[in-house]
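*Asks:* So here's start.cif, just mmCIF, C-alpha atoms:
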```cif
data_my_file
#
loop_
_atom_site.group_PDB
_atom_site.id
_atom_site.type_symbol
_atom_site.label_atom_id
_atom_site.label_comp_id
_atom_site.auth_asym_id
_atom_site.auth_seq_id
_atom_site.Cartn_x
_atom_site.Cartn_y
_atom_site.Cartn_z
ATOM 1 C CA MET A 1 10.067 -6.504 151.552
ATOM 2 C CA VAL A 2 7.007 -6.315 149.275
ATOM 3 C CA ALA A 3 6.560 -9.464 147.198
ATOM 4 C CA ALA A 4 7.958 -9.282 143.681
ATOM 5 C CA ALA A 5 4.569 -10.399 142.270
ATOM 6 C CA SER A 6 2.906 -7.165 143.397
ATOM 7 C CA THR A 7 4.620 -5.036 140.753
ATOM 8 C CA PRO A 8 3.365 -1.451 141.041
ATOM 9 C CA THR A 9 2.282 0.608 138.060
ATOM 10 C CA PRO A 10 4.480 3.539 136.975
ATOM 11 C CA ASP A 11 1.806 5.950 138.210
ATOM 12 C CA HIS A 12 1.792 4.310 141.649
ATOM 13 C CA MET A 13 5.595 4.468 141.842
ATOM 14 C CA ARG A 14 5.548 8.160 140.917
ATOM 15 C CA LEU A 15 3.101 8.815 143.766
ATOM 16 C CA LEU A 16 5.166 6.699 146.116
ATOM 17 C CA ILE A 17 8.349 8.634 145.347
ATOM 18 C CA LYS A 18 6.576 11.994 145.546
ATOM 19 C CA VAL A 19 5.253 11.230 149.028
ATOM 20 C CA ALA A 20 8.628 9.847 150.160
ATOM 21 C CA ARG A 21 10.543 12.896 148.904
ATOM 22 C CA MET A 22 8.104 15.324 150.524
ATOM 23 C CA TYR A 23 8.380 13.544 153.864
ATOM 24 C CA HIS A 24 12.067 12.554 154.010
ATOM 25 C CA GLU A 25 13.791 15.244 151.952
ATOM 26 C CA ARG A 26 11.632 18.318 152.479
ATOM 27 C CA GLY A 27 10.466 17.535 156.018
ATOM 28 C CA VAL A 28 6.742 17.959 155.217
ATOM 29 C CA ARG A 29 4.564 16.395 157.896
ATOM 30 C CA GLN A 30 2.078 13.660 157.034
ATOM 31 C CA PRO A 31 -1.102 15.748 157.595
ATOM 32 C CA GLU A 32 0.276 18.449 155.288
ATOM 33 C CA ILE A 33 1.161 15.866 152.615
ATOM 34 C CA ALA A 34 -2.360 14.460 152.839
ATOM 35 C CA ALA A 35 -3.898 17.904 152.424
ATOM 36 C CA HIS A 36 -1.574 18.867 149.577
ATOM 37 C CA LEU A 37 -2.202 15.656 147.611
ATOM 38 C CA ASN A 38 -5.882 15.422 148.582
ATOM 39 C CA MET A 39 -5.660 11.999 150.217
ATOM 40 C CA SER A 40 -6.185 10.598 153.684
ATOM 41 C CA GLN A 41 -3.405 10.609 156.263
ATOM 42 C CA PRO A 42 -3.628 6.790 156.742
ATOM 43 C CA ARG A 43 -2.946 6.407 153.010
ATOM 44 C CA VAL A 44 0.114 8.673 153.302
ATOM 45 C CA SER A 45 1.339 6.503 156.177
ATOM 46 C CA ARG A 46 0.811 3.322 154.112
ATOM 47 C CA LEU A 47 2.681 4.811 151.149
ATOM 48 C CA LEU A 48 5.636 5.763 153.361
ATOM 49 C CA LYS A 49 5.788 2.225 154.760
ATOM 50 C CA GLU A 50 5.593 0.780 151.254
ATOM 51 C CA ALA A 51 8.463 3.045 150.173
ATOM 52 C CA VAL A 52 10.627 1.459 152.870
ATOM 53 C CA ASP A 53 9.446 -2.074 152.029
ATOM 54 C CA ARG A 54 10.269 -1.595 148.330
ATOM 55 C CA GLY A 55 13.697 -0.130 149.051
ATOM 56 C CA VAL A 56 12.781 3.285 147.719
ATOM 57 C CA VAL A 57 13.709 4.693 151.138
ATOM 58 C CA ARG A 58 16.697 3.293 152.987
ATOM 59 C CA THR A 59 17.791 4.291 156.453
ATOM 60 C CA VAL A 60 21.493 5.059 156.839
ATOM 61 C CA VAL A 61 22.986 5.888 160.229
ATOM 62 C CA VAL A 62 26.000 8.184 159.914
ATOM 63 C CA SER A 63 28.279 8.230 162.972
ATOM 64 C CA PRO A 64 29.579 11.704 163.847
ATOM 65 C CA GLU A 65 33.311 12.287 164.176
ATOM 66 C CA GLY A 66 34.695 10.725 167.336
ATOM 67 C CA VAL A 67 32.042 7.991 167.500
ATOM 68 C CA HIS A 68 33.317 4.563 166.476
ATOM 69 C CA ALA A 69 30.246 2.341 166.323
ATOM 70 C CA GLU A 70 31.739 0.078 163.644
ATOM 71 C CA LEU A 71 34.860 -0.600 165.738
ATOM 72 C CA GLU A 72 32.678 -1.322 168.758
ATOM 73 C CA GLU A 73 30.520 -3.774 166.818
ATOM 74 C CA ALA A 74 33.615 -5.454 165.359
ATOM 75 C CA LEU A 75 35.137 -5.931 168.829
ATOM 76 C CA VAL A 76 31.896 -7.444 170.120
ATOM 77 C CA ALA A 77 31.766 -9.855 167.172
ATOM 78 C CA ARG A 78 35.465 -10.795 167.253
ATOM 79 C CA TYR A 79 35.777 -11.452 170.985
ATOM 80 C CA GLY A 80 32.229 -12.380 171.976
ATOM 81 C CA LEU A 81 31.864 -9.327 174.185
ATOM 82 C CA ARG A 82 28.594 -8.157 175.608
ATOM 83 C CA ASP A 83 29.409 -4.536 174.701
ATOM 84 C CA ALA A 84 32.315 -2.257 173.796
ATOM 85 C CA VAL A 85 32.940 1.476 174.032
ATOM 86 C CA VAL A 86 35.713 2.988 171.895
ATOM 87 C CA VAL A 87 36.835 6.549 172.574
ATOM 88 C CA GLU A 88 38.885 9.078 170.661
ATOM 89 C CA VAL A 89 42.023 10.394 172.345
ATOM 90 C CA GLU A 90 43.176 13.818 171.223
ATOM 91 C CA GLY A 91 46.807 14.099 170.208
ATOM 92 C CA SER A 92 49.453 11.482 169.563
ATOM 93 C CA GLY A 93 50.813 10.011 172.776
ATOM 94 C CA ALA A 94 48.231 11.863 174.892
ATOM 95 C CA ASP A 95 47.113 10.509 178.246
ATOM 96 C CA VAL A 96 44.189 8.156 177.616
ATOM 97 C CA ILE A 97 42.815 8.330 181.166
ATOM 98 C CA PRO A 98 40.596 11.460 180.832
ATOM 99 C CA ALA A 99 38.848 10.151 177.701
ATOM 100 C CA LEU A 100 38.370 6.671 179.166
ATOM 101 C CA ALA A 101 37.103 8.114 182.439
ATOM 102 C CA ALA A 102 34.520 10.340 180.747
ATOM 103 C CA ALA A 103 33.251 7.452 178.601
ATOM 104 C CA THR A 104 33.037 5.135 181.613
ATOM 105 C CA ALA A 105 31.107 7.682 183.669
ATOM 106 C CA THR A 106 28.615 8.160 180.835
ATOM 107 C CA TYR A 107 28.287 4.416 180.273
ATOM 108 C CA LEU A 108 27.624 3.698 183.945
ATOM 109 C CA ASP A 109 25.094 6.503 184.171
ATOM 110 C CA ALA A 110 23.204 5.013 181.219
ATOM 111 C CA THR A 111 23.377 1.333 182.196
ATOM 112 C CA LEU A 112 23.056 1.110 185.972
ATOM 113 C CA LYS A 113 19.634 -0.440 186.310
ATOM 114 C CA GLY A 114 18.952 -0.023 190.021
ATOM 115 C CA GLY A 115 19.598 -2.639 192.668
ATOM 116 C CA ASP A 116 23.055 -3.519 191.330
ATOM 117 C CA VAL A 117 25.760 -4.863 193.599
ATOM 118 C CA ILE A 118 28.950 -3.384 192.152
ATOM 119 C CA GLY A 119 32.362 -4.907 192.700
ATOM 120 C CA VAL A 120 35.225 -2.482 192.217
ATOM 121 C CA SER A 121 38.951 -3.004 191.790
ATOM 122 C CA SER A 122 40.742 -0.827 194.340
ATOM 123 C CA TRP A 123 43.934 0.293 192.640
ATOM 124 C CA SER A 124 42.985 1.841 189.291
ATOM 125 C CA ALA A 125 43.748 5.484 188.530
ATOM 126 C CA THR A 126 41.340 5.350 185.577
ATOM 127 C CA LEU A 127 38.456 4.110 187.708
ATOM 128 C CA LEU A 128 39.096 6.820 190.279
ATOM 129 C CA GLU A 129 39.046 9.456 187.543
ATOM 130 C CA SER A 130 35.799 7.950 186.186
ATOM 131 C CA VAL A 131 34.136 8.352 189.557
ATOM 132 C CA LYS A 132 35.410 11.947 189.814
ATOM 133 C CA VAL A 133 33.575 12.956 186.627
ATOM 134 C CA MET A 134 30.470 10.844 187.218
ATOM 135 C CA ARG A 135 27.226 12.637 188.079
ATOM 136 C CA ALA A 136 25.132 11.751 191.114
ATOM 137 C CA ARG A 137 21.991 9.809 190.222
ATOM 138 C CA THR A 138 18.577 11.131 191.156
ATOM 139 C CA SER A 139 17.437 7.563 191.799
ATOM 140 C CA SER A 140 19.334 4.743 193.421
ATOM 141 C CA GLY A 141 21.604 2.931 190.970
ATOM 142 C CA ALA A 142 23.001 0.276 193.280
ATOM 143 C CA GLN A 143 22.552 -1.489 196.599
ATOM 144 C CA GLU A 144 26.216 -2.013 197.462
ATOM 145 C CA VAL A 145 29.659 -1.051 196.186
ATOM 146 C CA VAL A 146 32.124 -3.712 197.249
ATOM 147 C CA GLN A 147 35.916 -3.833 197.051
ATOM 148 C CA ILE A 148 36.875 -7.077 195.292
ATOM 149 C CA VAL A 149 40.584 -6.951 195.991
ATOM 150 C CA GLY A 150 42.325 -5.894 199.188
ATOM 151 C CA GLY A 151 41.882 -2.171 199.680
ATOM 152 C CA SER A 152 44.550 -1.428 202.277
ATOM 153 C CA GLY A 153 47.949 -0.076 201.353
ATOM 154 C CA SER A 154 50.591 2.435 202.288
ATOM 155 C CA PRO A 155 49.174 5.444 204.171
ATOM 156 C CA GLU A 156 50.049 7.970 201.447
ATOM 157 C CA VAL A 157 47.831 6.225 198.863
ATOM 158 C CA GLN A 158 45.357 4.439 201.124
ATOM 159 C CA LEU A 159 42.918 7.271 200.560
ATOM 160 C CA HIS A 160 42.712 6.288 196.884
ATOM 161 C CA ALA A 161 41.000 2.936 197.418
ATOM 162 C CA THR A 162 38.710 4.345 200.088
ATOM 163 C CA ARG A 163 37.757 7.362 197.988
ATOM 164 C CA LEU A 164 37.006 5.246 194.913
ATOM 165 C CA THR A 165 34.653 2.944 196.786
ATOM 166 C CA SER A 166 32.988 5.552 198.989
ATOM 167 C CA ARG A 167 32.477 8.088 196.187
ATOM 168 C CA LEU A 168 30.962 5.517 193.816
ATOM 169 C CA ALA A 169 28.667 4.377 196.615
ATOM 170 C CA GLU A 170 27.644 7.972 197.314
ATOM 171 C CA LEU A 171 26.919 8.670 193.645
ATOM 172 C CA THR A 172 24.789 5.551 193.222
ATOM 173 C CA GLY A 173 23.010 5.666 196.570
ATOM 174 C CA ALA A 174 24.657 2.417 197.665
ATOM 175 C CA ARG A 175 26.241 1.069 200.837
ATOM 176 C CA PRO A 176 30.061 0.897 200.636
ATOM 177 C CA VAL A 177 31.691 -2.386 201.655
ATOM 178 C CA PHE A 178 35.433 -2.086 202.282
ATOM 179 C CA ALA A 179 37.988 -4.906 202.254
ATOM 180 C CA PRO A 180 39.964 -4.324 205.483
ATOM 181 C CA SER A 181 43.155 -5.941 204.235
ATOM 182 C CA ALA A 182 46.003 -5.455 201.796
ATOM 183 C CA ALA A 183 45.680 -7.175 198.437
ATOM 184 C CA LEU A 184 48.989 -8.992 198.869
ATOM 185 C CA VAL A 185 49.893 -10.201 202.352
ATOM 186 C CA GLY A 186 53.101 -11.653 203.721
ATOM 187 C CA SER A 187 52.231 -15.332 203.882
ATOM 188 C CA ARG A 188 49.618 -17.952 203.085
ATOM 189 C CA GLU A 189 48.970 -18.396 206.817
ATOM 190 C CA LEU A 190 48.260 -14.694 207.263
ATOM 191 C CA ARG A 191 45.871 -14.780 204.316
ATOM 192 C CA VAL A 192 43.949 -17.649 205.916
ATOM 193 C CA LEU A 193 43.739 -15.817 209.244
ATOM 194 C CA LEU A 194 42.612 -12.547 207.694
ATOM 195 C CA SER A 195 39.994 -14.331 205.595
ATOM 196 C CA ARG A 196 38.397 -15.593 208.808
ATOM 197 C CA GLU A 197 38.009 -12.134 210.314
ATOM 198 C CA PRO A 198 34.285 -11.188 210.535
ATOM 199 C CA ALA A 199 34.712 -7.977 208.532
ATOM 200 C CA MET A 200 36.551 -9.811 205.758
ATOM 201 C CA VAL A 201 33.991 -12.632 205.816
ATOM 202 C CA ASP A 202 31.259 -10.052 205.154
ATOM 203 C CA VAL A 203 33.175 -8.710 202.170
ATOM 204 C CA MET A 204 33.809 -12.164 200.702
ATOM 205 C CA GLN A 205 30.134 -13.078 201.086
ATOM 206 C CA ALA A 206 29.203 -9.910 199.194
ATOM 207 C CA TRP A 207 31.288 -11.127 196.228
ATOM 208 C CA SER A 208 28.701 -13.833 195.576
ATOM 209 C CA ARG A 209 26.002 -11.147 195.200
ATOM 210 C CA LEU A 210 27.775 -9.083 192.540
ATOM 211 C CA THR A 211 25.806 -8.148 189.424
ATOM 212 C CA LEU A 212 28.500 -5.874 187.981
ATOM 213 C CA ALA A 213 32.279 -5.653 188.316
ATOM 214 C CA LEU A 214 34.193 -2.470 187.493
ATOM 215 C CA LEU A 215 37.749 -3.446 186.630
ATOM 216 C CA GLY A 216 41.118 -2.224 185.514
ATOM 217 C CA ILE A 217 43.516 -4.321 183.441
ATOM 218 C CA GLY A 218 47.135 -4.317 184.531
ATOM 219 C CA SER A 219 50.211 -5.047 182.466
ATOM 220 C CA LEU A 220 53.123 -7.080 183.786
ATOM 221 C CA ASP A 221 54.815 -3.894 184.958
ATOM 222 C CA PRO A 222 52.840 -2.524 187.956
ATOM 223 C CA SER A 223 51.324 0.923 187.570
ATOM 224 C CA PRO A 224 52.868 3.779 189.574
ATOM 225 C CA LEU A 225 49.781 3.885 191.798
ATOM 226 C CA LEU A 226 49.907 0.165 192.547
ATOM 227 C CA ARG A 227 53.632 0.343 193.192
ATOM 228 C CA ARG A 228 53.174 3.180 195.692
ATOM 229 C CA SER A 229 50.354 1.323 197.448
ATOM 230 C CA GLY A 230 52.605 -1.492 198.653
ATOM 231 C CA ASN A 231 50.443 -4.094 196.888
ATOM 232 C CA ALA A 232 52.687 -4.447 193.840
ATOM 233 C CA ILE A 233 54.579 -7.642 193.089
ATOM 234 C CA THR A 234 58.353 -7.764 193.538
ATOM 235 C CA ALA A 235 60.871 -7.726 190.700
ATOM 236 C CA GLN A 236 61.540 -11.411 191.439
ATOM 237 C CA ASP A 237 57.841 -12.253 191.111
ATOM 238 C CA GLN A 238 57.741 -10.226 187.913
ATOM 239 C CA ARG A 239 60.551 -12.307 186.414
ATOM 240 C CA ALA A 240 58.795 -15.511 187.470
ATOM 241 C CA LEU A 241 55.546 -14.354 185.852
ATOM 242 C CA LYS A 242 57.356 -13.522 182.634
ATOM 243 C CA LYS A 243 58.773 -17.049 182.491
ATOM 244 C CA LEU A 244 55.241 -18.374 182.940
ATOM 245 C CA GLY A 245 54.112 -16.331 179.918
ATOM 246 C CA ALA A 246 51.999 -13.828 181.880
ATOM 247 C CA VAL A 247 51.004 -10.666 180.021
ATOM 248 C CA GLY A 248 48.631 -8.946 182.445
ATOM 249 C CA ASP A 249 46.180 -9.192 185.309
ATOM 250 C CA VAL A 250 42.676 -8.441 186.470
ATOM 251 C CA CYS A 251 42.358 -8.022 190.241
ATOM 252 C CA ALA A 252 45.961 -9.296 190.629
ATOM 253 C CA ARG A 253 45.023 -12.583 188.914
ATOM 254 C CA TYR A 254 47.596 -12.999 186.154
ATOM 255 C CA PHE A 255 46.981 -14.620 182.774
ATOM 256 C CA ASP A 256 48.886 -15.437 179.586
ATOM 257 C CA ALA A 257 48.377 -14.159 176.035
ATOM 258 C CA ASP A 258 45.384 -16.469 175.546
ATOM 259 C CA GLY A 259 43.800 -15.419 178.819
ATOM 260 C CA ASN A 260 44.636 -18.612 180.695
ATOM 261 C CA SER A 261 45.431 -18.241 184.401
ATOM 262 C CA VAL A 262 49.070 -18.664 185.339
ATOM 263 C CA ASP A 263 50.208 -20.244 188.580
ATOM 264 C CA ALA A 264 51.756 -17.119 190.079
ATOM 265 C CA PRO A 265 54.095 -17.730 193.039
ATOM 266 C CA PHE A 266 52.032 -15.396 195.229
ATOM 267 C CA ASN A 267 48.501 -16.631 194.444
ATOM 268 C CA ASP A 268 48.161 -18.140 197.918
ATOM 269 C CA ARG A 269 48.963 -14.729 199.455
ATOM 270 C CA LEU A 270 46.304 -12.772 197.556
ATOM 271 C CA ILE A 271 43.154 -11.469 199.165
ATOM 272 C CA GLY A 272 40.714 -10.871 196.364
ATOM 273 C CA ILE A 273 37.921 -12.374 194.320
ATOM 274 C CA GLU A 274 38.674 -15.784 192.780
ATOM 275 C CA PRO A 275 38.748 -16.076 188.956
ATOM 276 C CA ASP A 276 35.727 -18.391 188.719
ATOM 277 C CA GLN A 277 33.747 -16.123 191.019
ATOM 278 C CA LEU A 278 34.651 -13.097 188.919
ATOM 279 C CA ARG A 279 33.658 -14.777 185.652
ATOM 280 C CA ALA A 280 30.272 -15.600 187.182
ATOM 281 C CA VAL A 281 29.442 -11.873 187.467
ATOM 282 C CA GLU A 282 26.895 -10.928 184.808
ATOM 283 C CA ARG A 283 28.544 -7.690 183.644
ATOM 284 C CA ARG A 284 32.316 -7.312 183.906
ATOM 285 C CA ILE A 285 33.349 -3.862 182.697
ATOM 286 C CA ALA A 286 37.046 -3.258 182.109
ATOM 287 C CA VAL A 287 38.424 0.226 181.541
ATOM 288 C CA ALA A 288 41.878 0.141 179.959
ATOM 289 C CA GLY A 289 43.754 1.799 177.118
ATOM 290 C CA GLY A 290 47.140 2.774 175.783
ATOM 291 C CA MET A 291 49.284 0.736 173.406
ATOM 292 C CA ASP A 292 51.451 -0.506 176.267
ATOM 293 C CA LYS A 293 48.442 -2.490 177.490
ATOM 294 C CA VAL A 294 47.413 -4.139 174.217
ATOM 295 C CA ALA A 295 48.763 -7.597 175.147
ATOM 296 C CA ALA A 296 47.096 -7.466 178.568
ATOM 297 C CA ILE A 297 43.755 -6.281 177.155
ATOM 298 C CA ARG A 298 43.846 -8.935 174.432
ATOM 299 C CA GLY A 299 44.510 -11.642 177.025
ATOM 300 C CA ALA A 300 41.670 -10.355 179.207
ATOM 301 C CA VAL A 301 39.097 -10.491 176.396
ATOM 302 C CA ARG A 302 40.356 -13.836 175.097
ATOM 303 C CA GLY A 303 40.133 -15.377 178.555
ATOM 304 C CA ARG A 304 36.633 -13.974 179.237
ATOM 305 C CA TRP A 305 37.895 -12.155 182.305
ATOM 306 C CA ILE A 306 35.743 -9.276 181.090
ATOM 307 C CA ASN A 307 32.732 -8.992 178.792
ATOM 308 C CA ILE A 308 32.449 -5.218 178.392
ATOM 309 C CA LEU A 309 35.445 -3.177 177.278
ATOM 310 C CA VAL A 310 36.021 0.581 177.402
ATOM 311 C CA THR A 311 39.169 1.420 175.459
ATOM 312 C CA ASP A 312 40.708 3.857 172.997
ATOM 313 C CA VAL A 313 40.565 3.753 169.219
ATOM 314 C CA ASP A 314 44.235 2.780 168.709
ATOM 315 C CA VAL A 315 43.928 -0.227 171.006
ATOM 316 C CA ALA A 316 40.636 -1.223 169.372
ATOM 317 C CA ARG A 317 42.230 -1.249 165.923
ATOM 318 C CA GLU A 318 45.201 -3.243 167.171
ATOM 319 C CA LEU A 319 42.898 -5.821 168.768
ATOM 320 C CA LEU A 320 41.076 -6.199 165.463
ATOM 321 C CA ASN A 321 44.357 -6.591 163.558
ATOM 322 C CA ASP A 322 45.108 -9.689 165.600
#
```
Translate the structure described by the file into structure tokens.
*Replies:*
Amino acid sequence: MVAAASTPTPDHMRLLIKVARMYHERGVRQPEIAAHLNMSQPRVSRLLKEAVDRGVVRTVVVSPEGVHAELEEALVARYGLRDAVVVEVEGSGADVIPALAAATATYLDATLKGGDVIGVSSWSATLLESVKVMRARTSSGAQEVVQIVGGSGSPEVQLHATRLTSRLAELTGARPVFAPSAALVGSRELRVLLSREPAMVDVMQAWSRLTLALLGIGSLDPSPLLRRSGNAITAQDQRALKKLGAVGDVCARYFDADGNSVDAPFNDRLIGIEPDQLRAVERRIAVAGGMDKVAAIRGAVRGRWINILVTDVDVARELLND
């Protein structure tokens, strides 16, 4: 701001306001203002800057309907996120997936910086829909797209995990890296054996190169897609998790309401990225919405499982009411 000591004369203020109104309200260009008022263009430019410095002109950004910048900023401040995207969902009780998918596709298109190594959760209907509506990039957006949780499942839905990874790789000009195993195997011994297979070793080594993780957030009740895949937990495991205070998961790693990991009875049978390895990824984008997932999303942001959130406006408001 201009120092208080440099108090302008009334005549100077009148000129200042005249120039500001011509430029900001009437849309007159600076050369035309200079000609009309018989002064140099540099002086017009100085007067316009002074009008801002003195508070005569103030910039106000007005968000259009459907854009929730204030909610996004509040989420970032409240939970220490790197970024947040809040979308409008049309109609009460409407499916949130299309709106979340469109926002995610746009966000990725704008923020992929080239050379990224993208880790992707295999069993998310929202992520698959995001990839469906994403546009191909004219320049390479990534080096690799890597499955970060077992991508094998029942034959009728196996195509889902493969399509998600391969399509995202195709769109970003990357090499797809598939995890040739189920997410949840039958025993600890089998997990150890599978983890030693050369193809699985390559996948696990790629996890240390990740610069971005694209994630879903699951609630305690497995999604229909996950249930059909054969990678869902049993009803007995679900009851055990509930007793442990679990509210949700990221990559089949379950956590409580504060985001703390819980000692799930099947952790030693999981083939997927470890929690510490996931948290080391620079950008961890979670796409999740719907009021049934509020507890899981809150736990995920509290526990720093994610640092970028794409969600709907109702969930955002509920998170801020916490």
*Asks:* Report the distance between CA of Ala182 in chain A and CA of Val149 in chain A in Å, rounded to one decimal place.
*Replies:*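 Here the two named atoms are 8.1 Å from each other.
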*Asks:* Could you expand the PyMOL selection byres ((chain A and resi 146) around 8) into the explicit residues it covers here, written as a PyMOL selection string?
*Replies:* chain A and resi 117-120+144-145+147-148+165+176-179+203+206-207
*Asks:* As a check of understanding, name the residues that the PyMOL selection byres ((chain A and resi 239-253) around 6) selects in the supplied structure, as a PDB file with C-alpha atoms, keeping the file's coordinate frame.
*Replies:*
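The result, stored in part01.pdb:
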```
ATOM      1  CA  ILE A 217      43.516  -4.321 183.441  1.00  0.00           C
ATOM      2  CA  GLY A 218      47.135  -4.317 184.531  1.00  0.00           C
ATOM      3  CA  SER A 219      50.211  -5.047 182.466  1.00  0.00           C
ATOM      4  CA  LEU A 220      53.123  -7.080 183.786  1.00  0.00           C
ATOM      5  CA  GLN A 236      61.540 -11.411 191.439  1.00  0.00           C
ATOM      6  CA  ASP A 237      57.841 -12.253 191.111  1.00  0.00           C
ATOM      7  CA  GLN A 238      57.741 -10.226 187.913  1.00  0.00           C
ATOM      8  CA  TYR A 254      47.596 -12.999 186.154  1.00  0.00           C
ATOM      9  CA  PHE A 255      46.981 -14.620 182.774  1.00  0.00           C
ATOM     10  CA  ASP A 256      48.886 -15.437 179.586  1.00  0.00           C
ATOM     11  CA  ALA A 257      48.377 -14.159 176.035  1.00  0.00           C
ATOM     12  CA  ALA A 296      47.096  -7.466 178.568  1.00  0.00           C
TER      13      ALA A 296
END
```
*Asks:* Counting all atoms listed in the file, what is within 8 Å of range 66-77 of chain A, bar same-chain residues fewer than 5 positions away, as a CSV table (one decimal) with C-alpha atoms, in the frame of the given file?
*Replies:*
```csv
chain,number,residue,atom,x,y,z
A,82,ARG,CA,28.6,-8.2,175.6
A,83,ASP,CA,29.4,-4.5,174.7
A,84,ALA,CA,32.3,-2.3,173.8
A,85,VAL,CA,32.9,1.5,174.0
A,86,VAL,CA,35.7,3.0,171.9
A,87,VAL,CA,36.8,6.5,172.6
A,88,GLU,CA,38.9,9.1,170.7
A,313,VAL,CA,40.6,3.8,169.2
A,316,ALA,CA,40.6,-1.2,169.4
A,317,ARG,CA,42.2,-1.2,165.9
A,319,LEU,CA,42.9,-5.8,168.8
A,320,LEU,CA,41.1,-6.2,165.5
```
*Asks:* Looking at only C-alpha atoms, which of A:Arg298, A:Ala20, A:Asp312, A:Lys113 is the one that sits closest to Ala99 in chain A?
*Replies:*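 The answer is A:Asp312, which sits nearest to Ala99 in chain A.
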*Asks:* Which protein, DNA or RNA residues have an atom at most 12 Å from (16.1, 1.8, 151.1), counting all atoms listed in the file? List them as a ChimeraX atom specification.
*Replies:* /A:1,17,20,24,48-60
*Asks:* Compare A:Ala174, A:Gly115, A:Gly303, A:Arg283 by their minimum atom-to-atom distance to Asp258 in chain A, counting all atoms listed in the file, and give me the closest one.
*Replies:*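 The answer is A:Gly303, which sits nearest to Asp258 in chain A.
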*Asks:* As a PDB file with C-alpha atoms, in the frame of the given file, please: the residues near Ile271 in chain A (cut-off 8 Å, all atoms listed in the file, same-chain neighbours under 6 positions excluded).
*Replies:*
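Below is the file out_13.pdb, written as the result:
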```pdb
ATOM      1  CA  VAL A 149      40.584  -6.951 195.991  1.00  0.00           C
ATOM      2  CA  GLY A 150      42.325  -5.894 199.188  1.00  0.00           C
ATOM      3  CA  SER A 181      43.155  -5.941 204.235  1.00  0.00           C
ATOM      4  CA  ALA A 182      46.003  -5.455 201.796  1.00  0.00           C
ATOM      5  CA  ALA A 183      45.680  -7.175 198.437  1.00  0.00           C
ATOM      6  CA  LEU A 184      48.989  -8.992 198.869  1.00  0.00           C
ATOM      7  CA  VAL A 185      49.893 -10.201 202.352  1.00  0.00           C
ATOM      8  CA  ARG A 191      45.871 -14.780 204.316  1.00  0.00           C
ATOM      9  CA  SER A 195      39.994 -14.331 205.595  1.00  0.00           C
TER      10      SER A 195
END
```
